[in-house]
Amino acid sequence: MIENYETHQHDVLIIGAGGAGLRAAIAAAAAGASVGVVCKSLLGKAHTVMAEGGMAASLANLDQADSWEVHFADTMRGGQMINNWKMAELFAKEAPDRVFELERWGALFDRTPDGKIMQRAFGAHTYRRLCHVGDRTGLELIRTLQDKSVHSGIDVYMECTITRLLKDGDRVCGAFGYWREDGRFVLFRAKTIVLASGGWGRMYKVTSNSWESTGDGVAMAYEAGAELQDAEMVQFHPTGMVWPPGVRGILVTEGMRGEGGILRNSEGERFMERYDPKKLDLSSRDVVARAINSEVLAGRGSPHGGAFLEINHLPASFIKQKLPSMYEQFHALADVDITKEAIEVAPTVHYAMGGVRVEAETGATTVPGLFAAGEVAAGLHGANRLGGNSLTDLLVFGRRAGDAAAACANALSGPLYVDEWQVQEEKELLLRPFESGGKENPYLLHEELQEVMAEHAGITRDEETLQRGLRKVLDLQERTKNIEVLGSRMFNPGWHMARDDLFMLTVAKAVIRAAIARRESRGAQFRTDYPEKSEDLGRVNFAVCKTEAGMQVQPVPIPPMPPELAKILKENQ
């Protein structure tokens, strides 16, 4: 019986407490809604804190020629024109207001000599527009939003994993999950839900993503009937740590290149002069990642399979002031002093441009009552995200999703019905590893998935490799039925991993199937068998849908851009 479960009720339930989730919570609470925020980890430990370099907004504090129009054009070109152009327009226009709002709430940005917010250069941005706090910008954003949200009267449920969205007919009506500490099940009733659960980088072996990033929100949205979009577009950040092995993949901020860092190969050549003579080391992330990969394959890589990044030609005091976290990170983890020597870097899986398909203005998904914002949502970044656009994305669309979810909840009359069968079905799925009688280890399955994704859906792809990868993923999915977990639900990380495996395998299928469908090279999708862009495929996004026949991928035409936006693009080539 449902009455036997611990139950909480809210107008708006937000899944995820990173920048998007907290900004949505603040907006929904300001609209008078009862708001609950559920997070897998502790409040303040969201993956947003890993964003170091800054948040992009056309404040024009250093470069007066900057404007929302130029920011819009940069974002569209970076995304290779398959972005949702309406999202890009709203984003570029509203980013400055969200930065100033954050400042009013207490964020402490670095300053220019005349007291304005300091801005730095970043890859593929025409002007210096990244507002930053040293190289700890994400941490400052979370600190500020957390303080504001706690004082907004929201309820926070920490260390709680949501595993299923519940529906009343076609619309969402709540969510089911468990407390990570002891495995007790918990039911949330809600008129609307905002997904803000982040990405899925943990399905790859070398990633900057933390343990939470297992694609929960994307997989749950898909299972609930929501469409996914651009799943094939997985961003490899060009600079992750390489050595020692225990820290491989940890992010090295793009801010290091923004402040003057230079990439060199084993021969001492500044190789980006060959790949992008104009933007050099600050080319877009997809270009730099492929360039490093090409240098390694050509035998010009660093000793541990990457490239050298040097910033030691600049004064030590400057480096310690501008990049304090990087200085401490390399000193503590690799025994390297970046003020004196070059460091080794290599591409690391960093961000998912794809996610749940949403409406630009509201963050509404294709399931009534379900909204999404941040990395879990697709559309803004297209085929490649520009560095610094993610933090402002969280603020702009977190606010919009929170406003829309509250308005939708306030418009509902009458209670929603929670189906006991859906709850029971998820409970049985969660308990199956204790009763399966199988011998599959959830950790080893995860490691196999990571190997499959690295080998078959990495920086370069082709039809045969992708098809073999899909067969392996389907085999792994079948083997999950025999996952065995020993002990009880108390403090049992193997049990947590068993459910995470199911989430990641669902998303892995979507990534590979969409990559197969997009028979071209565009942004993060580089097909060696289709190395050029296709004019036809540049007019579509690929949507992933759940059907009675299983997962289906289909092209969705991109609406024509209005003349005034097309004119802006043409004027800012």
# chains A, B, ... in the order shown; residues from 1 in each chain; ligands from 1
$ residues_around --residues "A:Asp147" --least-positions-apart "5" --cutoff "12 Å" --atoms "only C-alpha atoms" --output "number ranges by chain"
A: 22-23, 26, 43-44, 102, 105-107, 140-142, 152-154
$ select_by_dssp --residues "stretch 9-250 of chain A" --states "strand (DSSP E or B)" --output "VMD selection string"
chain A and resid 9 to 15 35 to 38 55 to 56 111 117 119 to 120 130 to 131 155 to 157 160 to 168 171 to 179 185 to 195 207 228 to 229 234 to 241
$ closest_residue --among "A:Tyr5, A:Tyr530, A:Phe176, A:Phe330" --to "A:Gly240" --atoms "only C-alpha atoms"
A:Phe330
$ residues_around --residues "stretch 405-409 of chain A" --least-positions-apart "5" --cutoff "8 Å" --atoms "only C-alpha atoms" --output "count of residues only"
14
$ closest_residue --among "A:Asp403, A:Glu426, A:Asp393, A:Glu548" --to "A:Ala25" --atoms "only C-alpha atoms"
A:Asp403
$ closest_residue --among "A:Arg202, A:Arg120, A:His47, A:Arg285" --to "A:Leu59" --atoms "only C-alpha atoms"
A:Arg120
$ atom_distance --atom1 "atom CA of A:Asn482" --atom2 "atom CA of A:Gln450"
19.0 Å
$ closest_residue --among "A:Leu145, A:Ile319, A:Ala57, A:Leu251" --to "A:His125" --atoms "only C-alpha atoms"
A:Ala57
$ atom_distance --atom1 "atom CA of A:Gly438" --atom2 "atom CA of A:Lys481"
7.8 Å
$ atom_distance --atom1 "atom CA of A:Ala65" --atom2 "atom CA of A:Gln119"
13.7 Å
$ select_by_dssp --residues "stretch 340-528 of chain A" --states "alpha helix (DSSP H)" --output "PyMOL selection string"
chain A and resi 389-411+420-435+442-456+463-479+493-517
$ closest_residue --among "A:Glu447, A:His304, A:Val156, A:Leu314" --to "A:Gly260" --atoms "only C-alpha atoms"
A:Leu314
$ residues_around --residues "A:Leu139" --least-positions-apart "3" --cutoff "12 Å" --atoms "only C-alpha atoms" --output "PDB file with C-alpha atoms, in the first residue's frame"
ATOM      1  CA  GLY A  18      23.043  22.248  -8.810  1.00  0.00           C
ATOM      2  CA  GLY A  19      22.820  25.699 -10.350  1.00  0.00           C
ATOM      3  CA  GLY A  44      26.431  22.336  -1.952  1.00  0.00           C
ATOM      4  CA  LYS A  45      28.193  19.309  -3.469  1.00  0.00           C
ATOM      5  CA  ALA A  46      26.579  19.522  -6.903  1.00  0.00           C
ATOM      6  CA  HIS A  47      28.636  19.078 -10.042  1.00  0.00           C
ATOM      7  CA  THR A  48      28.218  22.797 -10.755  1.00  0.00           C
ATOM      8  CA  VAL A  49      31.115  23.460  -8.378  1.00  0.00           C
ATOM      9  CA  MET A  50      33.400  21.758 -10.916  1.00  0.00           C
ATOM     10  CA  ALA A  51      32.839  24.602 -13.404  1.00  0.00           C
ATOM     11  CA  GLU A  52      35.902  26.752 -12.919  1.00  0.00           C
ATOM     12  CA  GLY A  53      36.552  29.260 -15.692  1.00  0.00           C
ATOM     13  CA  GLY A  54      33.544  31.565 -15.521  1.00  0.00           C
ATOM     14  CA  MET A  55      30.070  32.383 -16.786  1.00  0.00           C
ATOM     15  CA  ALA A 107      28.353  36.674  -5.427  1.00  0.00           C
ATOM     16  CA  LEU A 108      31.871  38.091  -5.223  1.00  0.00           C
ATOM     17  CA  PHE A 109      33.369  38.396  -8.705  1.00  0.00           C
ATOM     18  CA  HIS A 132      34.811  34.797 -12.975  1.00  0.00           C
ATOM     19  CA  VAL A 133      35.945  34.276  -9.408  1.00  0.00           C
ATOM     20  CA  GLY A 134      39.519  33.137  -9.983  1.00  0.00           C
ATOM     21  CA  ASP A 135      39.065  29.569 -11.209  1.00  0.00           C
ATOM     22  CA  ARG A 136      36.354  28.767  -8.642  1.00  0.00           C
ATOM     23  CA  ILE A 142      26.466  27.405  -5.767  1.00  0.00           C
ATOM     24  CA  ARG A 143      27.347  29.224  -2.535  1.00  0.00           C
ATOM     25  CA  THR A 144      25.256  32.217  -3.543  1.00  0.00           C
ATOM     26  CA  LEU A 145      22.252  30.257  -4.825  1.00  0.00           C
ATOM     27  CA  GLN A 146      22.301  27.923  -1.847  1.00  0.00           C
ATOM     28  CA  SER A 325      42.745  26.092  -7.802  1.00  0.00           C
ATOM     29  CA  LEU A 391      26.883  28.393 -15.827  1.00  0.00           C
TER      30      LEU A 391
END
$ closest_atom_pairs --of "stretch 208-319 of chain A" --to "stretch 350-358 of chain A" --cutoff "8 Å" --atoms "only C-alpha atoms" --output "CSV"
residue,atom,partner,partner_atom,distance
A:Ser208,CA,A:His350,CA,5.4
A:Asn209,CA,A:His350,CA,6.3
A:Val218,CA,A:Gly355,CA,6.1
A:Ala221,CA,A:Val356,CA,7.1
A:Tyr222,CA,A:Val356,CA,7.9
A:Ala226,CA,A:Val356,CA,7.0
A:Glu227,CA,A:Arg357,CA,5.6
A:Leu228,CA,A:Val356,CA,4.3
A:Gln229,CA,A:Arg357,CA,5.3
A:Asp230,CA,A:Gly354,CA,4.3
A:Ala231,CA,A:Gly354,CA,4.3
A:Glu232,CA,A:Gly354,CA,6.9
A:Met233,CA,A:Met353,CA,5.5
A:Val234,CA,A:Ala352,CA,4.8
A:Gln235,CA,A:Tyr351,CA,5.0
A:Phe236,CA,A:His350,CA,5.6
A:His237,CA,A:His350,CA,5.5
$ write_last_selection --atoms "all heavy atoms" --output "tab-separated table (two decimals), in the first residue's frame"
chain	number	residue	atom	x	y	z
A	208	SER	N	35.68	14.11	-16.44
A	208	SER	CA	35.79	15.10	-15.37
A	208	SER	C	34.59	15.03	-14.43
A	208	SER	O	34.56	15.69	-13.40
A	208	SER	CB	35.88	16.51	-15.97
A	208	SER	OG	34.65	16.85	-16.62
A	209	ASN	N	33.59	14.23	-14.80
A	209	ASN	CA	32.35	14.18	-14.02
A	209	ASN	C	32.51	13.40	-12.72
A	209	ASN	O	33.25	12.42	-12.66
A	209	ASN	CB	31.23	13.53	-14.84
A	209	ASN	CG	30.70	14.41	-15.96
A	209	ASN	OD1	29.68	14.11	-16.55
A	209	ASN	ND2	31.40	15.49	-16.28
A	218	VAL	N	17.84	11.99	-17.39
A	218	VAL	CA	17.58	11.72	-18.82
A	218	VAL	C	16.90	10.36	-18.98
A	218	VAL	O	15.92	10.23	-19.72
A	218	VAL	CB	18.89	11.76	-19.62
A	218	VAL	CG1	18.66	11.37	-21.07
A	218	VAL	CG2	19.51	13.15	-19.55
A	221	ALA	N	13.29	10.49	-17.61
A	221	ALA	CA	12.42	11.23	-18.52
A	221	ALA	C	12.05	10.38	-19.72
A	221	ALA	O	10.89	10.34	-20.15
A	221	ALA	CB	13.11	12.51	-18.97
A	222	TYR	N	13.05	9.68	-20.28
A	222	TYR	CA	12.79	8.78	-21.42
A	222	TYR	C	11.78	7.71	-21.04
A	222	TYR	O	10.82	7.45	-21.78
A	222	TYR	CB	14.11	8.16	-21.87
A	222	TYR	CG	13.94	7.01	-22.84
A	222	TYR	CD1	13.71	7.25	-24.20
A	222	TYR	CD2	14.00	5.69	-22.39
A	222	TYR	CE1	13.54	6.19	-25.08
A	222	TYR	CE2	13.83	4.64	-23.27
A	222	TYR	CZ	13.60	4.88	-24.62
A	222	TYR	OH	13.42	3.84	-25.49
A	226	ALA	N	9.17	11.08	-22.30
A	226	ALA	CA	9.71	12.33	-22.85
A	226	ALA	C	10.68	12.04	-23.99
A	226	ALA	O	11.36	11.01	-24.00
A	226	ALA	CB	10.43	13.14	-21.76
A	227	GLU	N	10.73	12.95	-24.95
A	227	GLU	CA	11.69	12.82	-26.05
A	227	GLU	C	13.05	13.34	-25.62
A	227	GLU	O	13.17	14.31	-24.87
A	227	GLU	CB	11.22	13.63	-27.27
A	227	GLU	CG	10.01	13.05	-27.97
A	227	GLU	CD	9.65	13.83	-29.22
A	227	GLU	OE1	10.45	14.70	-29.65
A	227	GLU	OE2	8.57	13.58	-29.78
A	228	LEU	N	14.09	12.68	-26.11
A	228	LEU	CA	15.46	13.14	-25.95
A	228	LEU	C	15.92	13.78	-27.25
A	228	LEU	O	15.31	13.58	-28.30
A	228	LEU	CB	16.39	11.99	-25.56
A	228	LEU	CG	15.94	11.10	-24.40
A	228	LEU	CD1	17.01	10.05	-24.11
A	228	LEU	CD2	15.63	11.92	-23.16
A	229	GLN	N	17.00	14.54	-27.20
A	229	GLN	CA	17.48	15.24	-28.40
A	229	GLN	C	19.00	15.36	-28.34
A	229	GLN	O	19.58	15.55	-27.27
A	229	GLN	CB	16.86	16.64	-28.46
A	229	GLN	CG	17.32	17.50	-29.64
A	229	GLN	CD	16.67	18.86	-29.62
A	229	GLN	OE1	15.45	18.98	-29.56
A	229	GLN	NE2	17.49	19.91	-29.68
A	230	ASP	N	19.63	15.27	-29.50
A	230	ASP	CA	21.08	15.48	-29.66
A	230	ASP	C	21.91	14.57	-28.76
A	230	ASP	O	23.00	14.95	-28.31
A	230	ASP	CB	21.45	16.94	-29.38
A	230	ASP	CG	20.77	17.92	-30.32
A	230	ASP	OD1	20.46	17.53	-31.46
A	230	ASP	OD2	20.55	19.07	-29.92
A	231	ALA	N	21.44	13.35	-28.51
A	231	ALA	CA	22.16	12.46	-27.60
A	231	ALA	C	23.56	12.13	-28.10
A	231	ALA	O	24.45	11.82	-27.29
A	231	ALA	CB	21.36	11.17	-27.41
A	232	GLU	N	23.77	12.21	-29.41
A	232	GLU	CA	25.08	11.87	-29.97
A	232	GLU	C	26.16	12.88	-29.62
A	232	GLU	O	27.36	12.61	-29.75
A	232	GLU	CB	24.98	11.73	-31.49
A	232	GLU	CG	24.75	13.02	-32.27
A	232	GLU	CD	23.30	13.45	-32.38
A	232	GLU	OE1	22.48	13.00	-31.55
A	232	GLU	OE2	22.99	14.24	-33.29
A	233	MET	N	25.76	14.07	-29.16
A	233	MET	CA	26.71	15.17	-28.95
A	233	MET	C	27.27	15.14	-27.53
A	233	MET	O	26.71	15.72	-26.60
A	233	MET	CB	26.02	16.50	-29.25
A	233	MET	CG	25.53	16.63	-30.68
A	233	MET	SD	26.90	16.43	-31.86
A	233	MET	CE	26.01	16.58	-33.43
A	234	VAL	N	28.38	14.46	-27.37
A	234	VAL	CA	29.07	14.34	-26.09
A	234	VAL	C	30.36	15.16	-26.17
A	234	VAL	O	31.19	14.93	-27.05
A	234	VAL	CB	29.40	12.88	-25.76
A	234	VAL	CG1	30.14	12.77	-24.42
A	234	VAL	CG2	28.13	12.04	-25.74
A	235	GLN	N	30.53	16.11	-25.27
A	235	GLN	CA	31.69	16.99	-25.35
A	235	GLN	C	32.90	16.41	-24.63
A	235	GLN	O	32.83	16.05	-23.46
A	235	GLN	CB	31.37	18.36	-24.74
A	235	GLN	CG	32.54	19.33	-24.85
A	235	GLN	CD	32.15	20.75	-24.47
A	235	GLN	OE1	32.06	21.06	-23.28
A	235	GLN	NE2	31.92	21.58	-25.46
A	236	PHE	N	33.99	16.34	-25.38
A	236	PHE	CA	35.28	15.99	-24.81
A	236	PHE	C	36.03	17.30	-24.55
A	236	PHE	O	36.42	17.99	-25.50
A	236	PHE	CB	36.07	15.11	-25.77
A	236	PHE	CG	35.52	13.72	-25.90
A	236	PHE	CD1	34.41	13.46	-26.68
A	236	PHE	CD2	36.12	12.66	-25.22
A	236	PHE	CE1	33.89	12.17	-26.80
A	236	PHE	CE2	35.62	11.36	-25.33
A	236	PHE	CZ	34.50	11.13	-26.11
A	237	HIS	N	36.18	17.65	-23.28
A	237	HIS	CA	36.98	18.82	-22.95
A	237	HIS	C	38.43	18.50	-23.31
A	237	HIS	O	38.93	17.44	-22.96
A	237	HIS	CB	36.85	19.13	-21.46
A	237	HIS	CG	37.36	20.48	-21.07
A	237	HIS	ND1	38.70	20.81	-21.13
A	237	HIS	CD2	36.72	21.58	-20.60
A	237	HIS	CE1	38.86	22.06	-20.71
A	237	HIS	NE2	37.67	22.56	-20.40
$ residues_around --residues "stretch 494-498 of chain A" --least-positions-apart "5" --cutoff "12 Å" --atoms "only C-alpha atoms" --output "PyMOL selection string"
chain A and resi 40+159-163+177-183+202-203+211-214+216+429-436+440-447+477+479-489+503-505
